[in-house]
Amino acid sequence: MIVRDFNELKGTDKSVSDAQWTSVRMLLADDGMGFSFHITTLQAGSEHTFHYKNHFESVYCMSGRGSITDLATGKTHEIKPGVMYALNEHDHHTLRADEELVMACCFNPPVTGTEVHRADGSYAAADA
């Protein structure tokens, strides 16, 4: 059994940040679960364009408000507490945080914890 406390992981090497978001990696590839699990906080007023070409991601909004736009279709969806979205087709998307967003995120395949977003908004494949 794996038991971890989000509050104890903040500020450790399990917490990855850039100027406008912080992701606390609660489960990673080396935990052997087949997915990774993160709590990600996006700064109010921020906008992020991602394209996870090598990963599937599902995201559940715990708090805050914003929107997500599917860049292939132009369709925008409201993000608020209780809303989940899944990038089941490696969807190229823009996520906007109107308020601070706190999101629970799962990645498959799992991330290792050392990934950085590439210029195209993706993470490299695990074996790349």
# chains A, B, ... in the order shown; residues from 1 in each chain; ligands from 1
>>> residues_around(residues="region 23-39 of chain A", least_positions_apart="5", cutoff="7 Å", atoms="only C-alpha atoms", output="ChimeraX atom specification")
/A:4,9-10,14-17,102-113
>>> residues_around(residues="region 75-80 of chain A", least_positions_apart="4", cutoff="12 Å", atoms="only C-alpha atoms", output="compact mmCIF listing (two decimals) with N, CA, C and O atoms, in the first residue's frame")
# COMPACT_ATOMS: atom_id res chain seq x y z
N VAL A 59 -8.35 14.72 -16.07
CA VAL A 59 -8.21 15.81 -15.11
C VAL A 59 -9.56 16.08 -14.46
O VAL A 59 -10.59 16.19 -15.16
N TYR A 60 -9.57 16.20 -13.13
CA TYR A 60 -10.77 16.52 -12.37
C TYR A 60 -10.55 17.84 -11.64
O TYR A 60 -9.53 18.01 -10.95
N CYS A 61 -11.47 18.78 -11.82
CA CYS A 61 -11.35 20.08 -11.17
C CYS A 61 -11.84 20.01 -9.73
O CYS A 61 -13.01 19.71 -9.48
N MET A 62 -10.94 20.28 -8.80
CA MET A 62 -11.27 20.28 -7.38
C MET A 62 -11.75 21.66 -6.92
O MET A 62 -12.65 21.75 -6.09
N SER A 63 -11.11 22.72 -7.46
CA SER A 63 -11.54 24.08 -7.10
C SER A 63 -11.10 25.05 -8.18
O SER A 63 -10.17 24.79 -8.93
N GLY A 64 -11.80 26.20 -8.22
CA GLY A 64 -11.49 27.25 -9.17
C GLY A 64 -12.37 27.18 -10.40
O GLY A 64 -13.23 26.31 -10.53
N ARG A 65 -12.14 28.13 -11.30
CA ARG A 65 -12.92 28.20 -12.54
C ARG A 65 -12.01 28.56 -13.69
O ARG A 65 -11.05 29.31 -13.53
N GLY A 66 -12.36 28.05 -14.87
CA GLY A 66 -11.60 28.35 -16.06
C GLY A 66 -12.27 27.71 -17.26
O GLY A 66 -13.48 27.46 -17.26
N SER A 67 -11.48 27.44 -18.30
CA SER A 67 -12.01 26.82 -19.51
C SER A 67 -10.91 26.04 -20.20
O SER A 67 -9.73 26.27 -19.98
N ILE A 68 -11.36 25.10 -21.05
CA ILE A 68 -10.45 24.34 -21.89
C ILE A 68 -10.98 24.41 -23.31
O ILE A 68 -12.19 24.27 -23.54
N THR A 69 -10.07 24.68 -24.25
CA THR A 69 -10.43 24.73 -25.66
C THR A 69 -9.72 23.63 -26.42
O THR A 69 -8.50 23.49 -26.32
N ASP A 70 -10.50 22.84 -27.15
CA ASP A 70 -9.95 21.83 -28.05
C ASP A 70 -9.49 22.58 -29.29
O ASP A 70 -10.31 23.16 -30.02
N LEU A 71 -8.20 22.62 -29.54
CA LEU A 71 -7.66 23.42 -30.64
C LEU A 71 -7.97 22.81 -32.02
O LEU A 71 -7.91 23.53 -33.02
N MET A 84 -14.75 16.93 -15.09
CA MET A 84 -13.61 16.12 -15.49
C MET A 84 -13.49 16.22 -17.01
O MET A 84 -14.49 16.27 -17.71
N TYR A 85 -12.25 16.26 -17.48
CA TYR A 85 -12.03 16.10 -18.92
C TYR A 85 -10.94 15.06 -19.12
O TYR A 85 -10.06 14.88 -18.27
N ASP A 91 -5.43 15.15 -27.37
CA ASP A 91 -5.99 16.42 -27.84
C ASP A 91 -5.07 17.60 -27.57
O ASP A 91 -4.63 17.81 -26.43
N HIS A 92 -4.81 18.38 -28.60
CA HIS A 92 -4.08 19.65 -28.49
C HIS A 92 -5.07 20.64 -27.89
O HIS A 92 -6.18 20.82 -28.42
N HIS A 93 -4.71 21.29 -26.79
CA HIS A 93 -5.69 22.08 -26.05
C HIS A 93 -5.05 23.28 -25.37
O HIS A 93 -3.84 23.31 -25.14
N THR A 94 -5.90 24.26 -25.05
CA THR A 94 -5.49 25.40 -24.25
C THR A 94 -6.37 25.44 -23.01
O THR A 94 -7.60 25.41 -23.10
N LEU A 95 -5.72 25.49 -21.86
CA LEU A 95 -6.39 25.56 -20.56
C LEU A 95 -6.21 26.95 -19.99
O LEU A 95 -5.08 27.46 -19.95
N ARG A 96 -7.30 27.58 -19.61
CA ARG A 96 -7.26 28.93 -19.04
C ARG A 96 -7.78 28.89 -17.61
O ARG A 96 -8.83 28.30 -17.35
N ALA A 97 -7.06 29.55 -16.72
CA ALA A 97 -7.47 29.63 -15.31
C ALA A 97 -8.00 31.04 -15.04
O ALA A 97 -7.23 31.98 -14.90
N ASP A 98 -9.33 31.17 -14.99
CA ASP A 98 -9.92 32.47 -14.64
C ASP A 98 -9.69 32.76 -13.17
O ASP A 98 -9.49 33.91 -12.77
N GLU A 99 -9.75 31.72 -12.34
CA GLU A 99 -9.41 31.74 -10.93
C GLU A 99 -8.32 30.69 -10.74
O GLU A 99 -8.08 29.88 -11.64
N GLU A 100 -7.68 30.70 -9.59
CA GLU A 100 -6.73 29.62 -9.31
C GLU A 100 -7.46 28.29 -9.47
O GLU A 100 -8.54 28.09 -8.89
N LEU A 101 -6.91 27.40 -10.27
CA LEU A 101 -7.47 26.07 -10.48
C LEU A 101 -6.64 25.04 -9.73
O LEU A 101 -5.40 25.06 -9.82
N VAL A 102 -7.30 24.16 -9.01
CA VAL A 102 -6.65 23.02 -8.38
C VAL A 102 -7.25 21.78 -9.04
O VAL A 102 -8.46 21.56 -8.98
N MET A 103 -6.38 21.00 -9.68
CA MET A 103 -6.80 19.88 -10.51
C MET A 103 -6.12 18.59 -10.07
O MET A 103 -4.93 18.59 -9.76
>>> select_by_dssp(residues="chain A", states="alpha helix (DSSP H)", output="number ranges by chain")
A: 6-9
>>> write_last_selection(atoms="C-alpha atoms", output="short mmCIF file (atom, residue, chain, number, x, y, z; two decimals), in the first residue's frame")
data_model
loop_
_atom_site.label_atom_id
_atom_site.label_comp_id
_atom_site.auth_asym_id
_atom_site.auth_seq_id
_atom_site.Cartn_x
_atom_site.Cartn_y
_atom_site.Cartn_z
CA PHE A 6 0.02 16.10 -0.32
CA ASN A 7 1.05 18.63 2.34
CA GLU A 8 4.25 16.71 3.08
CA LEU A 9 5.19 16.50 -0.61
#
>>> closest_residue(among="A:Met1, A:Leu87, A:Ala125, A:Ala119", to="Glu57 (chain A)", atoms="only C-alpha atoms")
A:Leu87
